[in-house]
Amino acid sequence: MRHVRLLGLLGLLCLGLLVGPAETLGQEAKPFVHSLFGDHMVLQRDMKAPIWGWAEPGEKVTVEMAGKSGTAAADKDGRWEVRLGPFEAGGPHTLKISGPQAVTIQDVLVGDVWLCAGQSNMEWGMTGSDTGDDIPKADFSKIRQTRPGGNWTVCTPESAAGFKAVGFYFARAVQRETGIPIGLVNNAVGGSRIEPWVDPASVASATEVRPALEGGKSSLFIAKTLPLVPYALRGMLWYQGESNGNEGASYLHKLQVLIGGWRKLWGQGDFPLYVVQLPNFQQANDNPAGGDGWAKIREAQLKALAIPNTGLVITIDVGEPKNIHPKNKFDVGERLARWAVAKDYGKKGLVYSGPLYKGMKVEGNKVRISFDHVGSGLMVGKKEGRQPTEEVKGGQLKRFAVAGADKKWVWTDAVIEKDTVVVSSPDVPNPVAVRYAFSGNPEGCNLYNKEGLPASPFRTDDWE
């Protein structure tokens with residue numbers, strides 16, 4: 001079936017779209033072993049991991065490692081695939097592939113492989129980020145990275161500057177908590193919109209956004225993602241949205257299509273997928289109605305939590321008003337790791353999310369807001385760079401707005417009462433709706449849980 005779908009994409013490929021070496025046209029361009037399989041690679045644990053390449057149709061290929069082996073014959077298109085394992089985390093191992101050629105792959109670790117996809121903030125390297133002394137201390141032999149068409153690199157003080165920053169901090173935190181080797185497959189392109197990343201096979205069912213997706217051409221999916229399939233994964237990290245600007249519901253629909261399509265193509269069920277919500281950016285807006293800049297795309301990313309087995313990393317406190325590439329990738333990676341450690345590695349009691357809007361109740365001239373993920377309690381917080389969030393004793397909550405049925409928004413007093421926030425304003429005697437940090441740069445927004453994780457921006461209304 002995969003080959004049928006590839007043939008269906010030939011029209012697009014003939015337009016001159018760049019494809020990965022494993023999927024290019026012409027038998028001479030297809031290697032005996034896919035380029036993902038090389039020295040220092042990380043193979044996914046606890047499942048039979050696909051290993052594949054190309055040979056003459058009918059030729060037999062044997063793959064063996066750590067006492068396990070498998071044999072397959074190349075199909076009519078010349079593609080062979082052996083599913084090897086399952087293996088427990090560990091290594092290093094030697095992987096041997098024999099047949100019309102003999103290939104020996106050294107220093108193979110078995111662990112968890114995470115796909116890091118999106119645009120420039122996911123692609124952003126350690127160089128140019130606020131890394132402190134992390135690079136000279138980056139002696140992590142169990143953390144490796146690769147990219148489509150590239151080689152695997154072991155994380156050392158000499159190589160760490162070439163690692164992608166979000167992936168590095170994510171892997172370091174997960175590896176620190178679990179001891180499991182982590183492989184990162186970098187699959188991000190700066191400036192890219194979401195549309196070209198969508199599997200074209202999923203577009204037909206995308207009724208709400210089909211024209212936009214059809215116009216996206218799926219070029220990055222074909223060039224960057226398809227060559228990776230079906231390399232076994234633990235999950236996926238997604239940091240994208242800046243190039244889709246101020247979209248709202250349409251971005252949510254596109255993200256649903258992308259996630260569903262990629263999961264179906266990999267055939268590993270609903271593997272975990274964690275979304276980075278866009279940070280604060282551009283000049284602060286003092287209009288209490290908000291809705292400017294990235295406010296609505298953040299709302300779409302928040303709503304993506306309704307998709308099974310997804311998570312949301314809130315970064316509203318680590319952006320930079322004048323820099324679309326904020327230097328603090330440390331907190332982004334660490335917060336991503338919290339989701340994974342809690343949800344995928346079974347660490348009990350770990351608070352992995354900031355407060356998320358749960359519901360509201362009008363109480364006379366006040367509105368009481370309840371939240372999920374309050375942790376050990378709500379607090380007014382202050383975040384400075386990479387430093388841990390500090391509680392501001394006696395501090396005043398900021399960036400809450402309230403409106404009545406007339407839809408006229410005003411800034412409001414907001415106070416923490418146990419695990420809720422109560423808002424009120426003398427200018428709105430009959431409140432019906434509340435917004436928090438609902439603007440491109442909600443400067444000063446400061447609601448956190450006591451674990452130091454920020455609350456997501458939200459609104460209780462659906463007014464335009």
# chains A, B, ... in the order shown; residues from 1 in each chain; ligands from 1

call {"tool": "closest_atom_pairs", "arguments": {"of": "segment 290-350 of chain A", "to": "segment 355-376 of chain A", "cutoff": "10 Å", "atoms": "only C-alpha atoms", "output": "CSV"}}
result
residue,atom,partner,partner_atom,distance
A:Leu302,CA,A:Leu356,CA,8.6
A:Leu312,CA,A:Leu356,CA,9.9
A:Ile314,CA,A:Pro355,CA,9.5
A:Gly349,CA,A:Gly375,CA,9.3
A:Leu350,CA,A:Gly375,CA,8.8

call {"tool": "write_last_selection", "arguments": {"atoms": "N, CA and C atoms", "output": "PDB file, in the first residue's frame"}}
result
ATOM      1  N   LEU A 302      -4.510  25.145  22.318  1.00  0.00           N
ATOM      2  CA  LEU A 302      -5.109  24.686  23.574  1.00  0.00           C
ATOM      3  C   LEU A 302      -6.225  23.683  23.300  1.00  0.00           C
ATOM      4  N   LEU A 312       0.170  19.843  25.884  1.00  0.00           N
ATOM      5  CA  LEU A 312       0.384  21.246  25.533  1.00  0.00           C
ATOM      6  C   LEU A 312       1.412  21.859  26.469  1.00  0.00           C
ATOM      7  N   ILE A 314       2.982  25.214  27.671  1.00  0.00           N
ATOM      8  CA  ILE A 314       2.646  26.642  27.706  1.00  0.00           C
ATOM      9  C   ILE A 314       3.932  27.438  27.831  1.00  0.00           C
ATOM     10  N   GLY A 349       2.736  11.532  40.414  1.00  0.00           N
ATOM     11  CA  GLY A 349       2.728  12.747  41.210  1.00  0.00           C
ATOM     12  C   GLY A 349       3.404  13.942  40.594  1.00  0.00           C
ATOM     13  N   LEU A 350       3.938  13.815  39.389  1.00  0.00           N
ATOM     14  CA  LEU A 350       4.605  14.939  38.751  1.00  0.00           C
ATOM     15  C   LEU A 350       3.574  15.883  38.139  1.00  0.00           C
TER      16      LEU A 350
END

call {"tool": "residues_around", "arguments": {"residues": "segment 425-439 of chain A", "least_positions_apart": "6", "cutoff": "7 Å", "atoms": "only C-alpha atoms", "output": "PyMOL selection string"}}
result
chain A and resi 285+290-295+365-367+399-405+412-413+445+457-461

call {"tool": "select_by_dssp", "arguments": {"residues": "segment 186-326 of chain A", "states": "strand (DSSP E)", "output": "ChimeraX atom specification"}}
result
/A:186-188,235-239,273-276,310-313

call {"tool": "write_last_selection", "arguments": {"atoms": "N, CA and C atoms", "output": "PDB file, in the first residue's frame"}}
result
ATOM      1  N   ASN A 186      15.347  15.082  13.838  1.00  0.00           N
ATOM      2  CA  ASN A 186      14.994  16.476  13.589  1.00  0.00           C
ATOM      3  C   ASN A 186      14.337  16.609  12.226  1.00  0.00           C
ATOM      4  N   ASN A 187      13.135  17.162  12.229  1.00  0.00           N
ATOM      5  CA  ASN A 187      12.320  17.207  11.015  1.00  0.00           C
ATOM      6  C   ASN A 187      11.577  18.542  10.977  1.00  0.00           C
ATOM      7  N   ALA A 188      12.327  19.649  11.060  1.00  0.00           N
ATOM      8  CA  ALA A 188      11.735  20.973  11.093  1.00  0.00           C
ATOM      9  C   ALA A 188      12.357  21.841  10.007  1.00  0.00           C
ATOM     10  N   GLY A 235       7.356   8.869  20.136  1.00  0.00           N
ATOM     11  CA  GLY A 235       6.377   9.936  20.063  1.00  0.00           C
ATOM     12  C   GLY A 235       6.915  11.101  19.258  1.00  0.00           C
ATOM     13  N   MET A 236       6.197  12.220  19.327  1.00  0.00           N
ATOM     14  CA  MET A 236       6.486  13.361  18.470  1.00  0.00           C
ATOM     15  C   MET A 236       6.318  14.661  19.236  1.00  0.00           C
ATOM     16  N   LEU A 237       7.214  15.615  18.961  1.00  0.00           N
ATOM     17  CA  LEU A 237       7.142  16.962  19.508  1.00  0.00           C
ATOM     18  C   LEU A 237       6.873  17.922  18.344  1.00  0.00           C
ATOM     19  N   TRP A 238       5.898  18.814  18.509  1.00  0.00           N
ATOM     20  CA  TRP A 238       5.477  19.706  17.417  1.00  0.00           C
ATOM     21  C   TRP A 238       5.544  21.165  17.882  1.00  0.00           C
ATOM     22  N   TYR A 239       6.402  21.954  17.245  1.00  0.00           N
ATOM     23  CA  TYR A 239       6.559  23.381  17.571  1.00  0.00           C
ATOM     24  C   TYR A 239       6.444  24.142  16.256  1.00  0.00           C
ATOM     25  N   LEU A 273       1.868  12.906  21.252  1.00  0.00           N
ATOM     26  CA  LEU A 273       2.270  14.071  20.479  1.00  0.00           C
ATOM     27  C   LEU A 273       2.072  15.311  21.339  1.00  0.00           C
ATOM     28  N   TYR A 274       3.166  16.036  21.556  1.00  0.00           N
ATOM     29  CA  TYR A 274       3.142  17.183  22.451  1.00  0.00           C
ATOM     30  C   TYR A 274       3.376  18.471  21.667  1.00  0.00           C
ATOM     31  N   VAL A 275       2.441  19.403  21.832  1.00  0.00           N
ATOM     32  CA  VAL A 275       2.422  20.656  21.078  1.00  0.00           C
ATOM     33  C   VAL A 275       2.994  21.771  21.949  1.00  0.00           C
ATOM     34  N   VAL A 276       3.872  22.592  21.362  1.00  0.00           N
ATOM     35  CA  VAL A 276       4.352  23.790  22.041  1.00  0.00           C
ATOM     36  C   VAL A 276       3.430  24.947  21.655  1.00  0.00           C
ATOM     37  N   THR A 310      -2.499  13.770  23.405  1.00  0.00           N
ATOM     38  CA  THR A 310      -1.708  14.959  23.109  1.00  0.00           C
ATOM     39  C   THR A 310      -1.445  15.728  24.398  1.00  0.00           C
ATOM     40  N   GLY A 311      -0.492  16.629  24.337  1.00  0.00           N
ATOM     41  CA  GLY A 311      -0.183  17.493  25.463  1.00  0.00           C
ATOM     42  C   GLY A 311       0.134  18.886  24.970  1.00  0.00           C
ATOM     43  N   LEU A 312       0.170  19.843  25.884  1.00  0.00           N
ATOM     44  CA  LEU A 312       0.384  21.246  25.533  1.00  0.00           C
ATOM     45  C   LEU A 312       1.412  21.859  26.469  1.00  0.00           C
ATOM     46  N   VAL A 313       2.479  22.372  25.892  1.00  0.00           N
ATOM     47  CA  VAL A 313       3.494  23.084  26.662  1.00  0.00           C
ATOM     48  C   VAL A 313       3.232  24.573  26.548  1.00  0.00           C
TER      49      VAL A 313
END

call {"tool": "select_by_dssp", "arguments": {"residues": "segment 290-432 of chain A", "states": "alpha helix (DSSP H)", "output": "list in words"}}
result
Ala295, Lys296, Ile297, Arg298, Glu299, Ala300, Gln301, Leu302, Lys303, Phe330, Asp331, Val332, Gly333, Glu334, Arg335, Leu336, Ala337, Arg338, Trp339, Ala340, Val341, Ala342 and Lys343 of chain A

call {"tool": "write_last_selection", "arguments": {"atoms": "C-alpha atoms", "output": "short mmCIF file (atom, residue, chain, number, x, y, z; two decimals), in the first residue's frame"}}
result
data_model
loop_
_atom_site.label_atom_id
_atom_site.label_comp_id
_atom_site.auth_asym_id
_atom_site.auth_seq_id
_atom_site.Cartn_x
_atom_site.Cartn_y
_atom_site.Cartn_z
CA ALA A 295 -4.00 34.92 20.62
CA LYS A 296 -6.32 32.80 18.51
CA ILE A 297 -3.70 30.35 17.30
CA ARG A 298 -2.78 29.72 20.94
CA GLU A 299 -6.45 29.05 21.59
CA ALA A 300 -6.45 26.53 18.72
CA GLN A 301 -3.39 24.83 20.18
CA LEU A 302 -5.11 24.69 23.57
CA LYS A 303 -8.17 23.07 22.01
CA PHE A 330 15.63 25.47 28.17
CA ASP A 331 12.17 25.92 29.68
CA VAL A 332 10.49 24.73 26.47
CA GLY A 333 12.43 21.47 26.47
CA GLU A 334 12.07 20.95 30.21
CA ARG A 335 8.31 21.48 30.07
CA LEU A 336 7.99 19.08 27.14
CA ALA A 337 9.92 16.53 29.17
CA ARG A 338 7.51 16.92 32.09
CA TRP A 339 4.64 15.76 29.88
CA ALA A 340 6.64 12.79 28.61
CA VAL A 341 8.02 11.75 32.01
CA ALA A 342 4.55 11.88 33.56
CA LYS A 343 2.49 10.40 30.73
#

call {"tool": "atom_distance", "arguments": {"atom1": "atom CA of Phe32 of chain A", "atom2": "atom CA of Gln44 of chain A"}}
result
21.0 Å

call {"tool": "closest_residue", "arguments": {"among": "A:Lys137, A:Arg234, A:Lys408, A:His34", "to": "Ile97 of chain A", "atoms": "only C-alpha atoms"}}
result
A:His34

call {"tool": "atom_distance", "arguments": {"atom1": "atom CA of Lys60 of chain A", "atom2": "atom CA of Lys30 of chain A"}}
result
16.4 Å
